[in-house]
Structure formats: structure tokens, C-alpha cells
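J.: Contents of start27.cif (mmCIF, C-alpha atoms) are given next:
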```
data_query
loop_
_atom_site.label_atom_id
_atom_site.label_comp_id
_atom_site.auth_asym_id
_atom_site.auth_seq_id
_atom_site.Cartn_x
_atom_site.Cartn_y
_atom_site.Cartn_z
CA SER A 1 0.00 0.00 0.00
CA GLN A 2 1.00 3.58 -0.53
CA THR A 3 2.06 5.84 2.30
CA ILE A 4 3.19 9.44 2.45
CA HIS A 5 5.57 10.81 5.05
CA GLN A 6 6.15 14.42 5.93
CA TRP A 7 8.62 15.97 8.35
CA PRO A 8 9.18 17.75 10.57
CA ALA A 9 5.69 17.76 12.06
CA THR A 10 6.18 21.03 13.92
CA LEU A 11 8.78 23.76 13.80
CA VAL A 12 9.29 27.26 15.09
CA GLN A 13 11.68 29.44 13.13
CA PRO A 14 12.85 33.06 13.40
CA VAL A 15 12.23 35.53 10.60
CA GLY A 16 15.03 35.42 8.06
CA SER A 17 16.02 31.83 8.78
CA PRO A 18 16.00 29.10 6.13
CA LEU A 19 13.41 26.36 5.79
CA SER A 20 13.38 22.81 4.51
CA LEU A 21 10.33 20.55 4.62
CA GLU A 22 10.53 17.08 3.21
CA CYS A 23 7.97 14.68 1.83
CA THR A 24 8.38 11.13 0.60
CA VAL A 25 5.92 8.68 -0.87
CA GLU A 26 6.23 4.90 -0.66
CA GLY A 27 4.58 2.14 -2.61
CA THR A 28 4.08 3.91 -5.91
CA SER A 29 6.07 5.17 -8.87
CA ASN A 30 6.01 8.47 -10.73
CA PRO A 31 3.31 10.12 -8.63
CA ASN A 32 2.17 13.68 -9.11
CA LEU A 33 3.27 15.60 -6.01
CA TYR A 34 1.88 18.76 -4.47
CA TRP A 35 2.66 21.29 -1.77
CA TYR A 36 -0.27 23.16 -0.24
CA ARG A 37 -0.34 25.75 2.53
CA GLN A 38 -3.21 26.38 4.89
CA ALA A 39 -2.91 29.65 6.79
CA ALA A 40 -5.05 30.36 9.84
CA GLY A 41 -8.62 31.12 8.78
CA ARG A 42 -7.85 30.56 5.14
CA GLY A 43 -8.31 27.76 2.67
CA LEU A 44 -5.80 25.40 1.16
CA GLN A 45 -3.55 27.24 -1.25
CA LEU A 46 -1.62 25.31 -3.88
CA LEU A 47 2.05 26.31 -3.84
CA PHE A 48 3.84 23.86 -6.14
CA TYR A 49 3.17 20.72 -8.10
CA SER A 50 5.42 18.26 -9.87
CA VAL A 51 4.74 15.64 -12.51
CA GLY A 52 8.27 14.21 -12.52
CA ILE A 53 11.85 14.47 -11.32
CA GLY A 54 13.12 18.01 -11.71
CA GLN A 55 9.76 19.25 -13.02
CA ILE A 56 8.30 21.91 -10.76
CA SER A 57 5.44 24.27 -11.48
CA SER A 58 4.32 27.11 -9.26
CA GLU A 59 0.80 28.42 -9.06
CA VAL A 60 1.54 31.59 -7.09
CA PRO A 61 4.60 33.79 -6.60
CA GLN A 62 6.04 33.49 -3.12
CA ASN A 63 9.06 33.36 -0.91
CA LEU A 64 9.34 29.61 -1.32
CA SER A 65 10.83 27.11 -3.73
CA ALA A 66 10.40 23.40 -4.33
CA SER A 67 12.56 20.62 -5.66
CA ARG A 68 12.06 17.00 -6.64
CA PRO A 69 15.47 15.34 -6.57
CA GLN A 70 14.06 11.80 -6.68
CA ASP A 71 10.86 10.27 -8.04
CA ARG A 72 9.17 10.01 -4.67
CA GLN A 73 10.78 12.91 -2.81
CA PHE A 74 9.47 16.46 -2.74
CA ILE A 75 11.16 19.26 -0.80
CA LEU A 76 9.86 22.72 0.08
CA SER A 77 12.47 25.36 0.88
CA SER A 78 13.00 28.97 1.70
CA LYS A 79 16.21 30.95 2.02
CA LYS A 80 14.68 33.60 4.31
CA LEU A 81 11.40 33.08 6.09
CA LEU A 82 8.82 35.83 6.47
CA LEU A 83 6.18 36.14 9.17
CA SER A 84 3.57 35.51 6.48
CA ASP A 85 5.10 32.08 5.81
CA SER A 86 3.54 30.73 9.00
CA GLY A 87 0.97 28.04 8.37
CA PHE A 88 0.17 24.38 7.97
CA TYR A 89 2.08 22.90 5.05
CA LEU A 90 0.66 19.82 3.42
CA CYS A 91 2.31 17.50 0.93
CA ALA A 92 0.01 15.42 -1.22
CA TRP A 93 0.29 12.83 -3.95
CA GLU A 94 -1.89 11.35 -6.63
CA PRO A 95 -1.19 8.45 -8.97
CA ILE A 96 -0.27 9.41 -12.49
CA GLY A 97 -3.43 9.48 -14.56
CA GLY A 98 -5.54 9.48 -11.43
CA ASN A 99 -7.24 12.30 -9.59
CA VAL A 100 -7.53 11.17 -5.99
CA LEU A 101 -5.33 13.32 -3.80
CA THR A 102 -3.92 11.87 -0.56
CA PHE A 103 -2.35 14.15 2.02
CA GLY A 104 0.52 13.70 4.41
CA ALA A 105 0.10 14.52 8.09
CA GLY A 106 1.34 18.06 7.57
CA SER A 107 4.06 20.33 8.95
CA ARG A 108 3.03 23.22 11.16
CA LEU A 109 5.39 26.19 10.79
CA THR A 110 5.42 29.18 13.09
CA VAL A 111 7.66 32.07 12.10
CA LEU A 112 8.45 34.47 14.94
CA GLN B 1 -10.61 32.54 -12.33
CA LYS B 2 -10.79 29.27 -10.41
CA GLU B 3 -13.12 29.61 -7.46
CA VAL B 4 -14.79 27.22 -5.09
CA GLU B 5 -17.19 28.82 -2.65
CA GLN B 6 -18.48 27.45 0.63
CA ASN B 7 -20.26 28.95 3.60
CA SER B 8 -17.68 29.00 6.38
CA GLY B 9 -20.23 28.34 9.13
CA PRO B 10 -20.22 27.22 11.79
CA LEU B 11 -23.14 25.01 10.88
CA SER B 12 -24.68 23.56 14.02
CA VAL B 13 -26.80 20.40 13.70
CA PRO B 14 -28.34 18.27 16.46
CA GLU B 15 -27.15 14.70 16.79
CA GLY B 16 -29.18 12.32 14.64
CA ALA B 17 -30.30 15.00 12.19
CA ILE B 18 -29.21 15.50 8.57
CA ALA B 19 -26.32 17.89 7.96
CA SER B 20 -26.35 19.60 4.56
CA LEU B 21 -23.17 21.18 3.21
CA ASN B 22 -23.10 23.20 0.02
CA CYS B 23 -20.49 24.29 -2.51
CA THR B 24 -20.48 26.25 -5.77
CA TYR B 25 -17.70 26.44 -8.34
CA SER B 26 -16.79 28.82 -11.12
CA ASP B 27 -15.64 26.60 -14.01
CA ARG B 28 -18.53 25.13 -15.97
CA GLY B 29 -16.11 22.69 -17.60
CA SER B 30 -15.09 21.00 -14.35
CA GLN B 31 -15.74 17.26 -14.30
CA SER B 32 -14.46 15.97 -10.95
CA PHE B 33 -15.60 16.92 -7.48
CA PHE B 34 -14.54 15.84 -4.04
CA TRP B 35 -15.42 16.25 -0.40
CA TYR B 36 -12.68 16.14 2.22
CA ARG B 37 -13.07 16.11 5.98
CA GLN B 38 -10.50 17.87 8.15
CA TYR B 39 -10.40 17.50 11.91
CA SER B 40 -8.81 20.34 13.84
CA GLY B 41 -5.02 20.21 13.57
CA LYS B 42 -5.09 17.28 11.14
CA SER B 43 -4.70 16.92 7.39
CA PRO B 44 -7.70 16.53 5.07
CA GLU B 45 -8.99 13.06 4.27
CA LEU B 46 -11.12 12.13 1.29
CA ILE B 47 -14.65 11.03 2.07
CA MET B 48 -16.50 11.28 -1.26
CA SER B 49 -15.90 11.83 -4.95
CA ILE B 50 -18.54 12.48 -7.60
CA TYR B 51 -18.24 12.87 -11.34
CA SER B 52 -21.78 12.61 -12.76
CA ASN B 53 -24.94 14.60 -12.20
CA GLY B 54 -27.20 13.20 -9.53
CA ASP B 55 -26.65 11.52 -6.20
CA LYS B 56 -23.92 9.20 -4.97
CA GLU B 57 -24.37 7.42 -1.67
CA ASP B 58 -21.72 5.89 0.60
CA GLY B 59 -22.97 4.83 4.01
CA ARG B 60 -24.31 7.87 5.85
CA PHE B 61 -22.88 10.23 3.23
CA THR B 62 -24.57 11.36 0.01
CA ALA B 63 -22.91 13.64 -2.51
CA GLN B 64 -25.10 15.53 -4.96
CA LEU B 65 -23.92 17.18 -8.17
CA ASN B 66 -25.70 19.59 -10.49
CA LYS B 67 -23.33 20.70 -13.24
CA ALA B 68 -25.86 23.01 -14.87
CA SER B 69 -26.11 24.99 -11.62
CA GLN B 70 -22.40 24.46 -10.79
CA TYR B 71 -23.40 23.15 -7.42
CA VAL B 72 -22.18 20.30 -5.24
CA SER B 73 -23.56 19.26 -1.88
CA LEU B 74 -22.85 16.73 0.83
CA LEU B 75 -25.53 15.27 3.07
CA ILE B 76 -24.65 13.48 6.29
CA ARG B 77 -27.49 11.39 7.69
CA ASP B 78 -27.82 10.43 11.34
CA SER B 79 -25.14 12.97 12.28
CA GLN B 80 -22.78 11.95 15.07
CA PRO B 81 -20.56 14.10 17.30
CA SER B 82 -17.58 12.46 15.55
CA ASP B 83 -18.74 14.15 12.32
CA SER B 84 -17.82 17.52 13.82
CA ALA B 85 -15.07 18.81 11.55
CA THR B 86 -14.40 21.18 8.68
CA TYR B 87 -15.63 19.88 5.34
CA LEU B 88 -13.71 20.98 2.26
CA CYS B 89 -15.19 20.97 -1.21
CA ALA B 90 -12.62 20.48 -3.96
CA VAL B 91 -12.86 20.76 -7.73
CA ILE B 92 -10.41 19.81 -10.44
CA PHE B 93 -9.33 22.73 -12.58
CA ARG B 94 -6.55 22.41 -15.08
CA TYR B 95 -3.54 24.31 -13.87
CA SER B 96 -2.18 27.22 -15.85
CA GLY B 97 1.14 25.42 -16.23
CA GLY B 98 -0.45 22.34 -17.77
CA GLY B 99 0.60 18.76 -17.15
CA ALA B 100 -1.42 18.05 -14.04
CA ASP B 101 -5.00 18.31 -12.94
CA GLY B 102 -4.94 19.31 -9.33
CA LEU B 103 -7.55 20.31 -6.85
CA THR B 104 -8.77 23.77 -5.96
CA PHE B 105 -10.31 23.81 -2.51
CA GLY B 106 -13.00 25.89 -0.93
CA LYS B 107 -12.27 27.39 2.46
CA GLY B 108 -14.43 24.79 4.12
CA THR B 109 -17.56 24.67 6.26
CA HIS B 110 -17.11 24.12 9.98
CA LEU B 111 -19.73 21.60 11.10
CA ILE B 112 -20.68 21.12 14.75
CA ILE B 113 -22.87 18.20 15.78
CA GLN B 114 -24.55 18.95 19.08
CA PRO B 115 -25.07 15.92 21.37
#
```
Can the structure from this file be put into C-alpha cells for me?
T.:
Amino acid sequence: SQTIHQWPATLVQPVGSPLSLECTVEGTSNPNLYWYRQAAGRGLQLLFYSVGIGQISSEVPQNLSASRPQDRQFILSSKKLLLSDSGFYLCAWEPIGGNVLTFGAGSRLTVL
Amino acid sequence: QKEVEQNSGPLSVPEGAIASLNCTYSDRGSQSFFWYRQYSGKSPELIMSIYSNGDKEDGRFTAQLNKASQYVSLLIRDSQPSDSATYLCAVIFRYSGGGADGLTFGKGTHLIIQP
């Protein structure tokens, strides 16, 4: 069966510090991968999606970047965090050709 | 413009009653629709998908789709306190970058089932 792992689960970072969130998927090959952010009182906002290794698309301009160094690994990064980067970050995957999205447990980021 | 609209609530329903959650979407060409449930502090989990006009039933849950009206709803029968959560409506729009059909989510309706 397929599983998705996300870490760290919780982190508190100062403004201007770097960020790295990691997501891995097991039990499948060539999944579509997504990073969403859910800020307090707001809906899920799509940040990045990837259909393959090294292929990253961004839906909105932001202070963040994403990379997919391996087929089942998706990384969200920032060089300098802003207060507005605080939120609940969710990695998700769907099988290629499918449309059912499964989420990881999420990473809660607080920027102080 | 890709938009999915939901009433944020809270929607308060007595235990045992039917909870009715509604959603409208902006793209008439959308073909796939989903309902996710999100407990406080947790990630969303899929509870229903619907692709054709009409009703789709799964246990206590019924999803209803009306593409002409661009309207999706979720009914929860015999509501239980454990159904208290935020319910997210999601619609597939094709992304501007192409290559993947991902979900656009509404902001969710907060449902409270009163014992």
C-alpha cells in the first residue's frame, strides 16, 4: 500500500532563517506531487506541483521554492522566512493518470 | 478565475439529524468533485468523490452534483458528534502550467454536531 511521510511535524523558526520541509511517498512510482499551505482562517492554497523528477510548477509567486530530486521525494524550501510564511504545510500525492489526492500529516510552521 | 465557494459556518446540527453542506464552483467545464473532511489540527482526508450529475451514496454520506447549476452538496445522515469537523469541497481545474489536474479547494464549512 502507498504511504506518504512528511517531516518535521512542527517547527518554530525566526524571521530570516531558512526552511526545509521534506515529503516522501512509498509504494508507488512516478506520482504527481503537491505542496499546499493552509494559513489560519484561510483555505488550502496550492504552492507547487510536480509531474516528474526536476519538473516543478508554481501556481503563485512566493518566498518559497520546491525541488524534486528523486521520483518520490518532494522538498519545500525557503532561504529567508517571512512572518507571512507561518501556516500548515501539506504535501500530497496522486497516482499518475488518477485524480484522488492523498495528504501527508502536515508540517506546522510558526515564524516568529 | 478558479473559485470554489463554501459557507464558512459554523453550521450547528443536532445529533441524529441530517447535515447539509453546500459548494459552488466557477468553471462550468469541471468534471471531478470531491469532499474532504478535516479535523482540527489534522490533514484533510477524502470522504466522497462524484463525477456525474445526480446523487452518490456511501454509508451515511450522500454527494449531490448539479453541473448546470455548478453546485455540489454533501448530506450526512444520522449525524454523530464524531462528524464535527471542517468539510472541504474540492474541484479539479486544469492548472495554468499544464501537465497536471490538481484540486482547488473551498475554504471549508465548519460543522458542529450537538449531542
J.: Rank nothing, just name the residue among B:Ser84, B:Thr104, B:Ser52, B:Ser43 nearest to Glu5 (chain B), using all atoms listed in the file.
T.: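 Once distances to Glu5 (chain B) are computed over all atoms listed in the file, the minimum belongs to B:Thr104.
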J.: Taking the file as shown, what set of residues would the PyMOL selection byres ((chain A) within 9 of (chain B)) give back, as a list in words?
T.: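 On this input, the PyMOL selection byres ((chain A) within 9 of (chain B)) captures Asn32, Tyr34, Gly41, Arg42, Gly43, Leu44, Gln45, Leu46, Tyr49, Ser50, Val51, Ser57, Ser58, Glu59, Phe88, Leu90, Glu94, Ile96, Gly97, Gly98, Asn99, Val100, Leu101, Thr102, Phe103, Gly104, Ala105, Gly106 and Arg108 of chain A.
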J.: Would you mind exporting C-alpha atoms of the selected residues as an mmCIF file, in the coordinates of the input?
T.:
```
data_model
loop_
_atom_site.group_PDB
_atom_site.id
_atom_site.type_symbol
_atom_site.label_atom_id
_atom_site.label_comp_id
_atom_site.auth_asym_id
_atom_site.auth_seq_id
_atom_site.Cartn_x
_atom_site.Cartn_y
_atom_site.Cartn_z
ATOM 1 C CA ASN A 32 2.170 13.680 -9.110
ATOM 2 C CA TYR A 34 1.880 18.760 -4.470
ATOM 3 C CA GLY A 41 -8.620 31.120 8.780
ATOM 4 C CA ARG A 42 -7.850 30.560 5.140
ATOM 5 C CA GLY A 43 -8.310 27.760 2.670
ATOM 6 C CA LEU A 44 -5.800 25.400 1.160
ATOM 7 C CA GLN A 45 -3.550 27.240 -1.250
ATOM 8 C CA LEU A 46 -1.620 25.310 -3.880
ATOM 9 C CA TYR A 49 3.170 20.720 -8.100
ATOM 10 C CA SER A 50 5.420 18.260 -9.870
ATOM 11 C CA VAL A 51 4.740 15.640 -12.510
ATOM 12 C CA SER A 57 5.440 24.270 -11.480
ATOM 13 C CA SER A 58 4.320 27.110 -9.260
ATOM 14 C CA GLU A 59 0.800 28.420 -9.060
ATOM 15 C CA PHE A 88 0.170 24.380 7.970
ATOM 16 C CA LEU A 90 0.660 19.820 3.420
ATOM 17 C CA GLU A 94 -1.890 11.350 -6.630
ATOM 18 C CA ILE A 96 -0.270 9.410 -12.490
ATOM 19 C CA GLY A 97 -3.430 9.480 -14.560
ATOM 20 C CA GLY A 98 -5.540 9.480 -11.430
ATOM 21 C CA ASN A 99 -7.240 12.300 -9.590
ATOM 22 C CA VAL A 100 -7.530 11.170 -5.990
ATOM 23 C CA LEU A 101 -5.330 13.320 -3.800
ATOM 24 C CA THR A 102 -3.920 11.870 -0.560
ATOM 25 C CA PHE A 103 -2.350 14.150 2.020
ATOM 26 C CA GLY A 104 0.520 13.700 4.410
ATOM 27 C CA ALA A 105 0.100 14.520 8.090
ATOM 28 C CA GLY A 106 1.340 18.060 7.570
ATOM 29 C CA ARG A 108 3.030 23.220 11.160
#
```
J.: If we count all atoms listed in the file, what is near Gly16 (chain B) at a cut-off of 7 Å, once residues fewer than 3 positions away on the same chain are taken out, given as an MDAnalysis selection string?
T.: chainID B and resid 78:80
J.: Any idea what's packed within 7 Å of Trp7 (chain A), counting all atoms listed in the file, ignoring anything in its chain fewer than 2 positions away? Could you give it as a list in words?
T.: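 Once the adjacent positions are removed, what remains is His5, Ala9, Leu21, Glu22, Cys23 and Ser107 of chain A.
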J.: Around region 67-72 of chain A, with edges along x, y and z and 4 Å added on all six sides, what centre and edge lengths do you get, in Å to one decimal, as lines of an AutoDock Vina configuration file?
T.:
```
center_x = 12.3
center_y = 15.3
center_z = -6.4
size_x = 14.3
size_y = 18.6
size_z = 11.4
```
J.: Please evaluate the PyMOL selection byres ((chain A and resi 70) around 12) against the displayed coordinates and give the resulting residues as a VMD selection string.
T.: chain A and resid 22 to 25 29 to 31 33 50 to 55 67 to 69 71 to 75
J.: My list of candidates is B:Cys89, B:Ile76, B:Ile112, B:Leu11. Which is closest to Thr62 (chain B) when distances are computed with all atoms listed in the file?
T.: B:Ile76
